[in-house]
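Structure data follow from query02.txt (compact mmCIF, C-alpha atoms and all ligand atoms):
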# COMPACT_ATOMS: atom_id res chain seq x y z
CA MET R 276 -13.62 19.49 -2.72
CA ASN R 277 -15.49 16.43 -1.41
CA VAL R 278 -13.75 13.38 -2.85
CA LEU R 279 -15.03 9.86 -2.33
CA VAL R 280 -11.92 7.66 -2.12
CA VAL R 281 -12.70 4.08 -3.11
CA ASN R 282 -10.56 1.00 -2.64
CA ALA R 283 -12.37 -1.94 -4.24
CA GLY R 284 -11.27 -5.49 -3.45
CA SER R 285 -12.74 -8.75 -4.73
CA SER R 286 -15.52 -8.89 -2.14
CA SER R 287 -14.99 -5.60 -0.34
CA LEU R 288 -15.16 -1.87 -0.89
CA LYS R 289 -13.42 0.56 1.46
CA TYR R 290 -14.46 4.20 1.26
CA GLN R 291 -13.66 7.61 2.70
CA LEU R 292 -15.38 10.89 2.00
CA PHE R 293 -12.52 13.36 2.22
CA ASP R 294 -12.83 17.15 2.10
CA THR R 295 -9.62 18.44 0.49
CA ASN R 296 -10.40 22.04 1.56
CA THR R 297 -10.38 21.21 5.27
CA ASN R 298 -8.36 17.95 5.26
CA ILE R 299 -11.25 16.34 7.15
CA VAL R 300 -12.46 12.78 6.66
CA LYS R 301 -16.22 13.33 6.80
CA ALA R 302 -17.11 9.65 6.74
CA LYS R 303 -15.50 6.31 6.17
CA GLY R 304 -16.46 2.71 6.03
CA LEU R 305 -16.21 -0.75 4.61
CA CYS R 306 -18.58 -2.97 2.64
CA GLU R 307 -17.81 -6.65 2.99
CA TYR R 308 -19.06 -9.95 1.54
CA ILE R 309 -20.03 -8.32 -1.75
CA GLY R 310 -21.30 -10.90 -4.25
CA SER R 311 -21.55 -13.69 -1.74
CA GLY R 312 -25.09 -14.48 -2.79
CA GLY R 313 -26.92 -13.61 0.39
CA THR R 314 -26.28 -16.82 2.26
CA ALA R 315 -26.84 -16.58 6.00
CA GLY R 316 -24.11 -14.72 7.81
CA THR R 317 -22.39 -13.55 4.63
CA GLU R 318 -25.11 -11.55 2.93
CA GLY R 319 -23.23 -8.29 2.67
CA ASN R 320 -22.30 -6.00 5.49
CA ILE R 321 -21.53 -2.29 5.84
CA LYS R 322 -19.54 -0.64 8.62
CA HIS R 323 -20.02 3.11 8.48
CA LYS R 324 -18.50 5.91 10.59
CA VAL R 325 -19.20 9.63 10.48
CA ASN R 326 -16.94 12.14 12.23
CA GLY R 327 -16.42 9.74 15.11
CA LYS R 328 -20.09 10.36 16.05
CA ILE R 329 -21.96 7.71 14.12
CA ASN R 330 -20.64 4.21 14.14
CA LEU R 331 -22.95 1.59 12.75
CA GLU R 332 -22.90 -1.85 11.23
CA ARG R 333 -25.69 -3.24 9.06
CA ALA R 334 -26.23 -6.48 7.19
CA ILE R 335 -27.56 -5.55 3.72
CA PRO R 336 -27.56 -7.80 0.61
CA MET R 337 -24.81 -6.69 -1.80
CA PRO R 338 -24.89 -8.87 -4.92
CA ASN R 339 -22.30 -6.72 -6.71
CA HIS R 340 -20.10 -3.62 -6.45
CA ALA R 341 -22.72 -1.36 -8.07
CA VAL R 342 -25.22 -2.24 -5.35
CA ALA R 343 -22.52 -1.73 -2.69
CA THR R 344 -21.69 1.70 -4.17
CA GLY R 345 -25.39 2.60 -4.12
CA ILE R 346 -25.57 1.63 -0.44
CA VAL R 347 -22.48 3.75 0.34
CA VAL R 348 -24.11 6.77 -1.36
CA GLU R 349 -27.36 6.10 0.51
CA MET R 350 -25.44 6.03 3.81
CA LEU R 351 -23.52 9.22 3.02
CA THR R 352 -26.73 11.07 2.16
CA HIS R 353 -28.92 9.49 4.86
CA HIS R 354 -30.84 12.04 6.98
CA GLU R 355 -29.71 10.33 10.18
CA PHE R 356 -26.43 8.51 9.39
CA GLY R 357 -25.15 10.69 6.59
CA CYS R 358 -22.89 13.75 6.37
CA ILE R 359 -24.02 15.31 3.07
CA LYS R 360 -27.46 16.32 1.78
CA ASN R 361 -27.37 14.75 -1.65
CA MET R 362 -25.19 12.86 -4.11
CA ASP R 363 -24.18 16.05 -5.94
CA GLU R 364 -22.05 16.98 -2.93
CA ILE R 365 -19.70 14.15 -3.93
CA GLU R 366 -17.66 16.19 -6.38
CA ALA R 367 -15.28 13.46 -7.52
CA VAL R 368 -14.38 9.83 -6.96
CA GLY R 369 -10.76 8.69 -6.58
CA HIS R 370 -10.03 5.00 -7.04
CA ARG R 371 -6.99 3.25 -5.62
CA ILE R 372 -5.58 1.04 -8.38
CA VAL R 373 -2.82 -1.44 -7.58
CA HIS R 374 -1.18 -1.81 -11.00
CA GLY R 375 -1.06 0.65 -13.88
CA GLY R 376 1.07 -1.71 -16.01
CA SER R 377 2.93 0.02 -18.82
CA TYR R 378 -0.15 2.12 -19.65
CA PHE R 379 -0.33 4.43 -16.66
CA SER R 380 2.16 6.14 -14.43
CA ASP R 381 0.28 9.32 -13.59
CA SER R 382 -3.19 9.54 -12.11
CA VAL R 383 -5.81 9.79 -14.83
CA LEU R 384 -9.42 10.83 -15.41
CA VAL R 385 -11.66 7.86 -16.24
CA ASN R 386 -13.07 7.56 -19.76
CA ASP R 387 -13.80 4.57 -22.04
CA ASP R 388 -10.24 4.46 -23.34
CA VAL R 389 -8.82 4.43 -19.79
CA VAL R 390 -11.15 1.59 -18.78
CA ALA R 391 -10.11 -0.38 -21.89
CA LYS R 392 -6.43 0.09 -21.00
CA LEU R 393 -7.04 -0.92 -17.39
CA GLU R 394 -8.61 -4.13 -18.69
CA LYS R 395 -5.29 -4.83 -20.40
CA CYS R 396 -3.61 -4.53 -16.97
CA ILE R 397 -5.49 -7.58 -15.63
CA ASP R 398 -2.51 -9.82 -16.49
CA PHE R 399 -0.23 -7.69 -14.30
CA ALA R 400 -2.46 -7.91 -11.19
CA PRO R 401 -5.07 -10.64 -11.77
CA LEU R 402 -6.35 -10.57 -8.19
CA HIS R 403 -6.72 -6.81 -7.89
CA THR R 404 -7.64 -5.38 -11.30
CA PRO R 405 -11.01 -7.13 -11.87
CA PRO R 406 -12.38 -5.87 -8.51
CA HIS R 407 -11.04 -2.38 -9.29
CA LEU R 408 -12.94 -2.48 -12.59
CA MET R 409 -16.09 -3.58 -10.76
CA GLY R 410 -15.68 -0.66 -8.35
CA ILE R 411 -15.23 1.82 -11.22
CA ARG R 412 -18.23 0.46 -13.12
CA GLY R 413 -20.27 0.45 -9.91
CA CYS R 414 -19.53 4.16 -9.38
CA MET R 415 -20.20 4.97 -13.05
CA GLU R 416 -23.60 3.33 -12.73
CA VAL R 417 -24.57 5.07 -9.50
CA MET R 418 -22.89 8.47 -10.17
CA PRO R 419 -22.73 8.78 -13.98
CA ASP R 420 -22.09 12.54 -13.90
CA THR R 421 -19.38 12.55 -11.22
CA PRO R 422 -15.78 12.65 -12.52
CA GLN R 423 -13.71 9.64 -11.54
CA VAL R 424 -9.94 9.46 -11.26
CA LEU R 425 -7.60 6.48 -11.03
CA VAL R 426 -4.59 6.74 -8.73
CA PHE R 427 -2.00 4.00 -9.11
CA ASP R 428 0.14 2.28 -6.46
CA THR R 429 2.80 2.08 -9.17
CA GLY R 430 2.68 5.83 -9.98
CA PHE R 431 5.23 7.24 -7.51
CA HIS R 432 7.92 4.90 -8.82
CA LYS R 433 7.79 6.20 -12.39
CA SER R 434 11.03 8.13 -11.79
CA ILE R 435 13.07 4.95 -11.16
CA PRO R 436 15.94 4.85 -13.69
CA GLU R 437 16.35 2.12 -16.29
CA GLU R 438 19.21 0.30 -14.54
CA ALA R 439 16.94 -0.16 -11.52
CA TYR R 440 13.81 -1.22 -13.41
CA ILE R 441 15.13 -3.47 -16.16
CA TYR R 442 15.68 -7.09 -15.06
CA PRO R 443 18.73 -8.93 -16.36
CA ILE R 444 16.68 -11.26 -18.59
CA PRO R 445 16.53 -11.01 -22.43
CA TYR R 446 15.49 -7.47 -23.27
CA LYS R 447 12.88 -8.73 -25.72
CA TYR R 448 10.68 -9.79 -22.76
CA TYR R 449 10.57 -6.21 -21.59
CA GLU R 450 9.43 -5.24 -25.09
CA LYS R 451 7.06 -8.17 -25.55
CA TYR R 452 5.47 -8.43 -22.09
CA GLN R 453 6.58 -5.19 -20.38
CA ILE R 454 8.36 -7.21 -17.68
CA ARG R 455 10.09 -4.58 -15.54
CA ARG R 456 10.13 -3.28 -11.98
CA TYR R 457 6.99 -1.24 -11.35
CA GLY R 458 6.97 -0.96 -7.55
CA PHE R 459 3.93 -0.64 -5.26
CA HIS R 460 2.65 1.17 -2.14
CA GLY R 461 3.44 4.33 -4.16
CA THR R 462 0.86 6.55 -2.47
CA SER R 463 2.26 5.56 0.94
CA HIS R 464 5.92 6.11 -0.02
CA LYS R 465 4.91 9.43 -1.59
CA TYR R 466 3.00 10.61 1.48
CA VAL R 467 5.58 9.71 4.13
CA SER R 468 8.54 10.93 2.06
CA GLN R 469 6.79 14.27 1.48
CA GLU R 470 6.07 14.56 5.21
CA MET R 471 9.72 13.76 5.91
CA CYS R 472 10.83 16.46 3.46
CA LYS R 473 8.62 18.96 5.31
CA ILE R 474 10.35 17.97 8.57
CA LEU R 475 13.79 18.31 6.95
CA GLY R 476 12.70 21.68 5.58
CA ARG R 477 13.71 20.88 1.99
CA THR R 478 13.10 18.47 -0.85
CA GLU R 479 16.07 19.17 -3.15
CA GLY R 480 19.14 17.27 -2.00
CA THR R 481 17.27 14.96 0.40
CA LYS R 482 18.02 11.23 0.57
CA ILE R 483 15.31 9.24 2.33
CA VAL R 484 14.56 5.54 2.75
CA THR R 485 10.89 4.82 3.41
CA CYS R 486 9.95 1.44 4.94
CA HIS R 487 6.28 0.53 4.47
CA MET R 488 5.79 -2.55 6.63
CA GLY R 489 2.32 -4.04 6.79
CA ASN R 490 0.88 -7.32 5.55
CA GLY R 491 2.73 -6.44 2.38
CA SER R 492 6.03 -4.64 2.88
CA SER R 493 8.23 -2.56 0.61
CA VAL R 494 11.18 -0.23 0.93
CA ALA R 495 11.81 2.79 -1.31
CA ALA R 496 14.78 5.04 -2.01
CA VAL R 497 13.58 8.62 -2.42
CA LYS R 498 16.06 11.22 -3.67
CA ASP R 499 15.11 14.88 -4.15
CA GLY R 500 11.51 13.85 -3.42
CA LYS R 501 11.48 11.30 -6.29
CA GLY R 502 11.41 7.50 -6.12
CA ILE R 503 14.67 6.12 -7.54
CA ASP R 504 14.37 2.48 -6.47
CA THR R 505 12.01 0.19 -4.58
CA SER R 506 12.02 -3.38 -3.33
CA MET R 507 8.78 -4.62 -4.94
CA GLY R 508 9.07 -5.30 -8.63
CA PHE R 509 7.04 -6.63 -11.53
CA THR R 510 4.52 -7.74 -8.90
CA PRO R 511 4.17 -7.13 -5.15
CA LEU R 512 5.87 -10.49 -4.54
CA GLU R 513 9.44 -9.22 -4.83
CA GLY R 514 11.52 -7.69 -2.06
CA VAL R 515 11.44 -8.34 1.67
CA SER R 516 9.65 -11.18 3.47
CA MET R 517 5.96 -10.31 4.09
CA GLY R 518 2.96 -11.67 6.02
CA THR R 519 2.47 -14.59 3.65
CA ARG R 520 4.64 -13.62 0.64
CA SER R 521 8.14 -14.96 0.22
CA GLY R 522 9.68 -11.78 -1.13
CA SER R 523 12.88 -12.33 -3.15
CA ILE R 524 14.29 -15.85 -3.13
CA ASP R 525 16.77 -17.64 -5.39
CA PRO R 526 14.69 -18.11 -8.59
CA ALA R 527 16.01 -21.68 -8.83
CA ILE R 528 14.06 -22.55 -5.67
CA VAL R 529 10.86 -21.98 -7.66
CA THR R 530 11.55 -24.65 -10.28
CA PHE R 531 13.12 -26.95 -7.65
CA ILE R 532 9.99 -26.95 -5.46
CA MET R 533 7.70 -27.21 -8.49
CA LYS R 534 9.48 -30.38 -9.58
CA LYS R 535 9.76 -31.93 -6.10
CA GLU R 536 6.19 -31.11 -5.02
CA ASN R 537 4.57 -31.52 -8.44
CA PHE R 538 3.25 -27.96 -8.32
CA THR R 539 1.56 -26.36 -11.32
CA PRO R 540 2.48 -22.70 -12.06
CA GLN R 541 -0.80 -21.64 -10.45
CA ARG R 542 -0.14 -23.70 -7.32
CA MET R 543 3.39 -22.29 -7.09
CA ASP R 544 2.02 -18.77 -7.40
CA GLU R 545 -0.39 -19.46 -4.56
CA PHE R 546 2.41 -21.02 -2.49
CA MET R 547 4.68 -18.00 -2.83
CA ASN R 548 1.89 -15.48 -2.18
CA LYS R 549 -0.05 -17.24 0.57
CA GLU R 550 2.15 -19.76 2.39
CA CYS R 551 5.55 -18.13 2.81
CA GLY R 552 6.96 -15.06 4.59
CA LEU R 553 6.29 -14.64 8.32
CA LEU R 554 3.67 -17.39 8.24
CA GLY R 555 5.83 -19.89 6.36
CA VAL R 556 8.91 -19.49 8.56
CA SER R 557 7.16 -19.16 11.93
CA GLU R 558 4.46 -21.76 11.28
CA VAL R 559 2.48 -19.61 13.74
CA SER R 560 0.86 -16.65 11.98
CA ASN R 561 1.24 -13.96 9.34
CA ASP R 562 0.43 -11.30 11.95
CA SER R 563 3.40 -9.69 13.67
CA ARG R 564 1.40 -9.29 16.91
CA ASP R 565 0.97 -13.07 17.16
CA LEU R 566 4.66 -13.53 16.42
CA GLU R 567 5.80 -11.08 19.11
CA LYS R 568 3.57 -12.95 21.58
CA ALA R 569 5.06 -16.28 20.47
CA ILE R 570 8.59 -14.82 20.78
CA LYS R 571 7.85 -13.85 24.39
CA GLU R 572 6.74 -17.44 24.97
CA GLY R 573 10.10 -18.64 23.63
CA ASN R 574 9.15 -19.74 20.10
CA PRO R 575 12.43 -19.78 18.09
CA LYS R 576 10.77 -19.92 14.64
CA ALA R 577 8.68 -16.84 15.40
CA LEU R 578 11.87 -15.01 16.38
CA LEU R 579 13.60 -16.23 13.22
CA ALA R 580 10.71 -15.01 11.03
CA MET R 581 10.87 -11.50 12.54
CA ASN R 582 14.67 -11.47 12.45
CA ILE R 583 14.64 -12.32 8.74
CA LEU R 584 12.33 -9.37 8.03
CA ALA R 585 14.41 -7.00 10.18
CA TYR R 586 17.65 -8.15 8.55
CA GLN R 587 16.26 -7.72 5.05
CA ILE R 588 14.98 -4.19 5.78
CA LYS R 589 18.38 -3.34 7.29
CA LYS R 590 20.07 -4.55 4.09
CA TYR R 591 17.78 -2.40 1.92
CA ILE R 592 18.58 0.67 4.03
CA GLY R 593 22.27 -0.04 3.43
CA ALA R 594 21.80 -0.71 -0.27
CA TYR R 595 19.72 2.40 -0.86
CA SER R 596 22.10 4.65 1.04
CA ALA R 597 24.77 3.35 -1.37
CA ALA R 598 22.46 3.96 -4.34
CA MET R 599 21.80 7.55 -3.20
CA ASN R 600 25.37 8.22 -2.02
CA GLY R 601 24.12 9.16 1.43
CA LEU R 602 21.18 9.08 3.79
CA ASP R 603 19.35 11.89 5.59
CA ALA R 604 16.37 10.02 7.00
CA VAL R 605 14.70 6.66 7.46
CA VAL R 606 10.91 6.50 7.83
CA PHE R 607 8.89 3.60 9.24
CA THR R 608 5.21 3.35 8.35
CA ALA R 609 2.13 1.06 8.01
CA GLY R 610 0.81 -1.53 10.49
CA ILE R 611 4.15 -3.02 11.56
CA GLY R 612 6.31 0.05 10.94
CA GLU R 613 4.03 2.31 12.98
CA ASN R 614 3.24 -0.05 15.83
CA ASN R 615 5.92 -2.65 16.35
CA TYR R 616 8.77 -0.96 18.23
CA LEU R 617 10.66 -4.21 18.58
CA ILE R 618 11.23 -4.60 14.86
CA ARG R 619 12.29 -0.95 14.54
CA GLU R 620 14.83 -1.63 17.27
CA ARG R 621 16.04 -4.83 15.53
CA ILE R 622 16.46 -2.95 12.25
CA CYS R 623 18.25 0.08 13.71
CA ARG R 624 20.54 -1.87 16.02
CA ASP R 625 24.22 -1.71 14.99
CA MET R 626 23.64 0.86 12.27
CA ASP R 627 25.81 3.54 13.86
CA TYR R 628 28.41 3.21 11.08
CA LEU R 629 25.71 4.66 8.80
CA GLY R 630 24.88 7.35 11.33
CA ILE R 631 21.68 5.76 12.63
CA LYS R 632 21.10 5.90 16.38
CA ILE R 633 17.67 5.56 17.95
CA ASP R 634 16.44 6.44 21.41
CA GLU R 635 15.13 3.10 22.63
CA LYS R 636 12.86 4.64 25.26
CA ILE R 637 11.13 6.98 22.80
CA ASN R 638 10.97 4.18 20.24
CA GLU R 639 9.27 1.89 22.75
CA LYS R 640 6.59 4.47 23.51
CA THR R 641 5.86 5.26 19.86
CA LEU R 642 2.66 3.35 19.20
CA LEU R 643 -0.66 4.24 17.60
CA LEU R 644 0.20 7.94 17.41
CA PRO R 645 -1.57 10.18 14.91
CA ASN R 646 1.50 12.29 14.09
CA ALA R 647 5.10 11.91 13.00
CA VAL R 648 7.48 11.05 15.86
CA GLU R 649 11.27 11.23 15.81
CA ILE R 650 12.83 8.13 17.34
CA SER R 651 16.47 8.99 16.56
CA THR R 652 18.73 10.52 19.19
CA GLY R 653 19.81 14.16 19.06
CA ASP R 654 23.30 13.19 17.85
CA SER R 655 22.10 10.69 15.21
CA LYS R 656 23.42 11.80 11.82
CA VAL R 657 20.42 10.20 10.13
CA LYS R 658 16.94 11.18 11.31
CA VAL R 659 14.68 8.22 12.01
CA TYR R 660 10.94 8.85 12.11
CA VAL R 661 7.72 6.93 12.53
CA ILE R 662 5.14 8.58 10.27
CA PRO R 663 1.57 7.25 10.06
CA THR R 664 0.77 6.71 6.40
CA ASN R 665 -2.25 8.29 4.71
CA GLU R 666 -2.79 6.77 1.30
CA GLU R 667 -6.36 8.09 1.06
CA LEU R 668 -5.16 11.66 1.42
CA VAL R 669 -2.79 11.26 -1.55
CA ILE R 670 -5.59 9.74 -3.63
CA ALA R 671 -8.00 12.55 -2.65
CA TYR R 672 -5.46 15.28 -3.50
CA ASP R 673 -4.48 13.73 -6.85
CA THR R 674 -8.17 13.39 -7.70
CA ALA R 675 -8.96 16.98 -6.71
CA ASP R 676 -5.98 18.28 -8.74
CA ILE R 677 -7.13 16.51 -11.89
CA VAL R 678 -10.76 17.52 -11.49
CA ASN R 679 -9.83 21.15 -10.70
CA ASN R 680 -7.74 21.29 -13.89
CA LEU R 681 -10.72 19.89 -15.79
CA ILE R 682 -12.94 22.65 -14.44
CA LYS R 683 -10.38 25.33 -15.46
CA MET R 684 -10.21 24.00 -19.04
P1 LIG G 1 -2.12 -4.02 5.07
O1 LIG G 1 -0.86 -4.25 4.30
O2 LIG G 1 -3.12 -5.14 4.94
O3 LIG G 1 -2.70 -2.63 4.95
P2 LIG G 1 -1.38 -3.19 7.76
O4 LIG G 1 -0.61 -1.99 7.33
O5 LIG G 1 -2.62 -3.00 8.54
O6 LIG G 1 -1.65 -4.19 6.58
O7 LIG G 1 -0.37 -4.08 8.64
C1 LIG G 1 -0.72 -5.31 9.20
C2 LIG G 1 0.40 -5.71 10.17
O8 LIG G 1 0.52 -4.64 11.13
C3 LIG G 1 0.17 -6.98 10.95
O9 LIG G 1 1.34 -7.77 10.95
C4 LIG G 1 -0.12 -6.49 12.36
O10 LIG G 1 0.40 -7.36 13.31
C5 LIG G 1 0.60 -5.17 12.43
N1 LIG G 1 -0.08 -4.28 13.38
C6 LIG G 1 -1.22 -3.61 13.18
N2 LIG G 1 -1.59 -2.93 14.30
C7 LIG G 1 -0.67 -3.20 15.23
C8 LIG G 1 -0.47 -2.81 16.60
N3 LIG G 1 -1.33 -2.01 17.22
N4 LIG G 1 0.61 -3.30 17.25
C9 LIG G 1 1.50 -4.09 16.62
N5 LIG G 1 1.37 -4.51 15.33
C10 LIG G 1 0.32 -4.07 14.65
In structure tokens, what does this structure look like?
Ligand code: ADP
Amino acid sequence: MNVLVVNAGSSSLKYQLFDTNTNIVKAKGLCEYIGSGGTAGTEGNIKHKVNGKINLERAIPMPNHAVATGIVVEMLTHHEFGCIKNMDEIEAVGHRIVHGGSYFSDSVLVNDDVVAKLEKCIDFAPLHTPPHLMGIRGCMEVMPDTPQVLVFDTGFHKSIPEEAYIYPIPYKYYEKYQIRRYGFHGTSHKYVSQEMCKILGRTEGTKIVTCHMGNGSSVAAVKDGKGIDTSMGFTPLEGVSMGTRSGSIDPAIVTFIMKKENFTPQRMDEFMNKECGLLGVSEVSNDSRDLEKAIKEGNPKALLAMNILAYQIKKYIGAYSAAMNGLDAVVFTAGIGENNYLIRERICRDMDYLGIKIDEKINEKTLLLPNAVEISTGDSKVKVYVIPTNEELVIAYDTADIVNNLIKM
């Protein structure tokens, strides 16, 4: 089935046309500067790639997500730059949705009721949900007869037990506002843990910690193929230090800084999401590549920022092996996890008590590889792998499953 996977951001729309029969990405691309009003230099831009053969970039006005979706469909069906003959060859659309709130845990077919419920999720993810809704409406306008499916970043974590998702605050706030741990990066944790289970040759009885480390980072405990805990919580702010997000800090620091710096709640929110993490500590950059360069040049704050992240991930691996009563495998994935061997080394150093031993030479060479690579030594009790994530594939498969069931009905 040809599934158009859409990831709509506030001014961007990432897409992939994925064939679930052949596992081939037929085309992919990115629309940027959507809704920027057509001012010079920011009038809307599409980058479009087909099968590694066509690679083009065009400036085209994109006042809204519906227009951007129309341009994507035009590109996909273009006689010269396209890969399909007409729009009907797009058999389904799968949307990546960051937060399903308390309404959604499983992927779902879009209808009016689903859109109305997603609108109620705006409070949970105010930056992400409105653009998602624009992307959905854009596709509905351009492809009214094509089934659309929502796949949630929170979905994989639905199996987390109560003691791991309820916060120790008055229970009434869970009932009143649905404040609980939801967890994110679900499609990534699902994909890499499933790949790890294939490598282990079983799902039942497996105990895996998956470390998704990118601009946003989260760790998940996956037992018997199911998520049982994860570091991100009510929002993607909780957990380990990230590019610009603080991760978990003493909650009293929040009110302390608000009082001292005269911050409004909105300003504090911005501070914790945009000015902390690697950027805040290093005062250099939120990008781990810049930090590794600064470390080589002797910058102590850059080293501290990376050491904090490594230490926190190490602690989660320890905590989750306790939660699962054992550990079979650790997986590193996403931008930092897949490409930064130094942080993998920092995390895995002195973990032999847990049975983790990595081969530093293989680890060092594991960079930008398309497939899973084992970086643990032959005698390591715990397998350690680098597995490139593929969130789009999970979205395409979930979408195809739902649409195939619809056809059977
Ligand atoms: P996002 O969460 O936005 O999807 P990514 O998964 O792309 O982010 O991760 C971004 C991080 O990955 C940055 O800190 C960047 O430094 C790091 N990264 C990406 N590519 C490389 C690379 N080739 N070598 C080292 N680090 C990389």
| message | Just want the 10 Å neighbourhood of segment 406-413 of chain R, counted on all atoms listed in the file, with same-chain residues fewer than 5 positions away dropped. Output as a PyMOL selection string. | response | chain R and resi 281-288+339-345+368-373+385+390-391+393-394+397+401+418-419+423-425
Please produce a file of the residues just selected, as a PDB file, keeping the file's coordinate frame, where the atoms kept are C-alpha atoms.
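Output saved as part_7.pdb:
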ATOM      1  CA  VAL R 281     -12.700   4.080  -3.110  1.00  0.00           C
ATOM      2  CA  ASN R 282     -10.560   1.000  -2.640  1.00  0.00           C
ATOM      3  CA  ALA R 283     -12.370  -1.940  -4.240  1.00  0.00           C
ATOM      4  CA  GLY R 284     -11.270  -5.490  -3.450  1.00  0.00           C
ATOM      5  CA  SER R 285     -12.740  -8.750  -4.730  1.00  0.00           C
ATOM      6  CA  SER R 286     -15.520  -8.890  -2.140  1.00  0.00           C
ATOM      7  CA  SER R 287     -14.990  -5.600  -0.340  1.00  0.00           C
ATOM      8  CA  LEU R 288     -15.160  -1.870  -0.890  1.00  0.00           C
ATOM      9  CA  ASN R 339     -22.300  -6.720  -6.710  1.00  0.00           C
ATOM     10  CA  HIS R 340     -20.100  -3.620  -6.450  1.00  0.00           C
ATOM     11  CA  ALA R 341     -22.720  -1.360  -8.070  1.00  0.00           C
ATOM     12  CA  VAL R 342     -25.220  -2.240  -5.350  1.00  0.00           C
ATOM     13  CA  ALA R 343     -22.520  -1.730  -2.690  1.00  0.00           C
ATOM     14  CA  THR R 344     -21.690   1.700  -4.170  1.00  0.00           C
ATOM     15  CA  GLY R 345     -25.390   2.600  -4.120  1.00  0.00           C
ATOM     16  CA  VAL R 368     -14.380   9.830  -6.960  1.00  0.00           C
ATOM     17  CA  GLY R 369     -10.760   8.690  -6.580  1.00  0.00           C
ATOM     18  CA  HIS R 370     -10.030   5.000  -7.040  1.00  0.00           C
ATOM     19  CA  ARG R 371      -6.990   3.250  -5.620  1.00  0.00           C
ATOM     20  CA  ILE R 372      -5.580   1.040  -8.380  1.00  0.00           C
ATOM     21  CA  VAL R 373      -2.820  -1.440  -7.580  1.00  0.00           C
ATOM     22  CA  VAL R 385     -11.660   7.860 -16.240  1.00  0.00           C
ATOM     23  CA  VAL R 390     -11.150   1.590 -18.780  1.00  0.00           C
ATOM     24  CA  ALA R 391     -10.110  -0.380 -21.890  1.00  0.00           C
ATOM     25  CA  LEU R 393      -7.040  -0.920 -17.390  1.00  0.00           C
ATOM     26  CA  GLU R 394      -8.610  -4.130 -18.690  1.00  0.00           C
ATOM     27  CA  ILE R 397      -5.490  -7.580 -15.630  1.00  0.00           C
ATOM     28  CA  PRO R 401      -5.070 -10.640 -11.770  1.00  0.00           C
ATOM     29  CA  MET R 418     -22.890   8.470 -10.170  1.00  0.00           C
ATOM     30  CA  PRO R 419     -22.730   8.780 -13.980  1.00  0.00           C
ATOM     31  CA  GLN R 423     -13.710   9.640 -11.540  1.00  0.00           C
ATOM     32  CA  VAL R 424      -9.940   9.460 -11.260  1.00  0.00           C
ATOM     33  CA  LEU R 425      -7.600   6.480 -11.030  1.00  0.00           C
TER      34      LEU R 425
END
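With distances taken over all atoms listed in the file, R:Ser560 is the one residue among R:Ser596, R:Ser521, R:Gln587, R:Ser560 lying closest to ligand LIG 1 (chain G).
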| Contacts to ligand LIG 1 (chain G) at 12 Å cut-off (only C-alpha atoms and all ligand atoms) as a PyMOL selection string | chain R and resi 282+284+289+459-460+463+486-493+511+516-520+552-554+560-568+580-581+584+607-619+639-644+663-667
| field | d(atom CA of Gly461 of chain R, atom CA of Asp428 of chain R) in Å | value |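 That distance, rounded to one decimal, is 4.5 Å.
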Find the residues around Leu629 of chain R up to 12 Å (only C-alpha atoms counted), leave out those fewer than 2 positions away in its own chain, and share them as a PDB file with C-alpha atoms, in the frame of the given file.
ATOM      1  CA  LYS R 589      18.380  -3.340   7.290  1.00  0.00           C
ATOM      2  CA  LYS R 590      20.070  -4.550   4.090  1.00  0.00           C
ATOM      3  CA  ILE R 592      18.580   0.670   4.030  1.00  0.00           C
ATOM      4  CA  GLY R 593      22.270  -0.040   3.430  1.00  0.00           C
ATOM      5  CA  ALA R 594      21.800  -0.710  -0.270  1.00  0.00           C
ATOM      6  CA  TYR R 595      19.720   2.400  -0.860  1.00  0.00           C
ATOM      7  CA  SER R 596      22.100   4.650   1.040  1.00  0.00           C
ATOM      8  CA  ALA R 597      24.770   3.350  -1.370  1.00  0.00           C
ATOM      9  CA  ASN R 600      25.370   8.220  -2.020  1.00  0.00           C
ATOM     10  CA  GLY R 601      24.120   9.160   1.430  1.00  0.00           C
ATOM     11  CA  LEU R 602      21.180   9.080   3.790  1.00  0.00           C
ATOM     12  CA  ASP R 603      19.350  11.890   5.590  1.00  0.00           C
ATOM     13  CA  ALA R 604      16.370  10.020   7.000  1.00  0.00           C
ATOM     14  CA  VAL R 605      14.700   6.660   7.460  1.00  0.00           C
ATOM     15  CA  CYS R 623      18.250   0.080  13.710  1.00  0.00           C
ATOM     16  CA  ARG R 624      20.540  -1.870  16.020  1.00  0.00           C
ATOM     17  CA  ASP R 625      24.220  -1.710  14.990  1.00  0.00           C
ATOM     18  CA  MET R 626      23.640   0.860  12.270  1.00  0.00           C
ATOM     19  CA  ASP R 627      25.810   3.540  13.860  1.00  0.00           C
ATOM     20  CA  ILE R 631      21.680   5.760  12.630  1.00  0.00           C
ATOM     21  CA  LYS R 632      21.100   5.900  16.380  1.00  0.00           C
ATOM     22  CA  SER R 655      22.100  10.690  15.210  1.00  0.00           C
ATOM     23  CA  LYS R 656      23.420  11.800  11.820  1.00  0.00           C
ATOM     24  CA  VAL R 657      20.420  10.200  10.130  1.00  0.00           C
ATOM     25  CA  LYS R 658      16.940  11.180  11.310  1.00  0.00           C
TER      26      LYS R 658
END
| If we count only C-alpha atoms, what is near Asp294 of chain R at a cut-off of 10 Å, once residues fewer than 3 positions away on the same chain are taken out, given as a list of chain:residue names? |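 With the cut-off at 10 Å, the set is R:Met276, R:Asn277, R:Val278, R:Leu279, R:Gln291, R:Thr297, R:Asn298, R:Ile299, R:Val300, R:Lys301, R:Ala302, R:Ile365, R:Glu366, R:Leu668, R:Ala671, R:Tyr672, R:Ala675.
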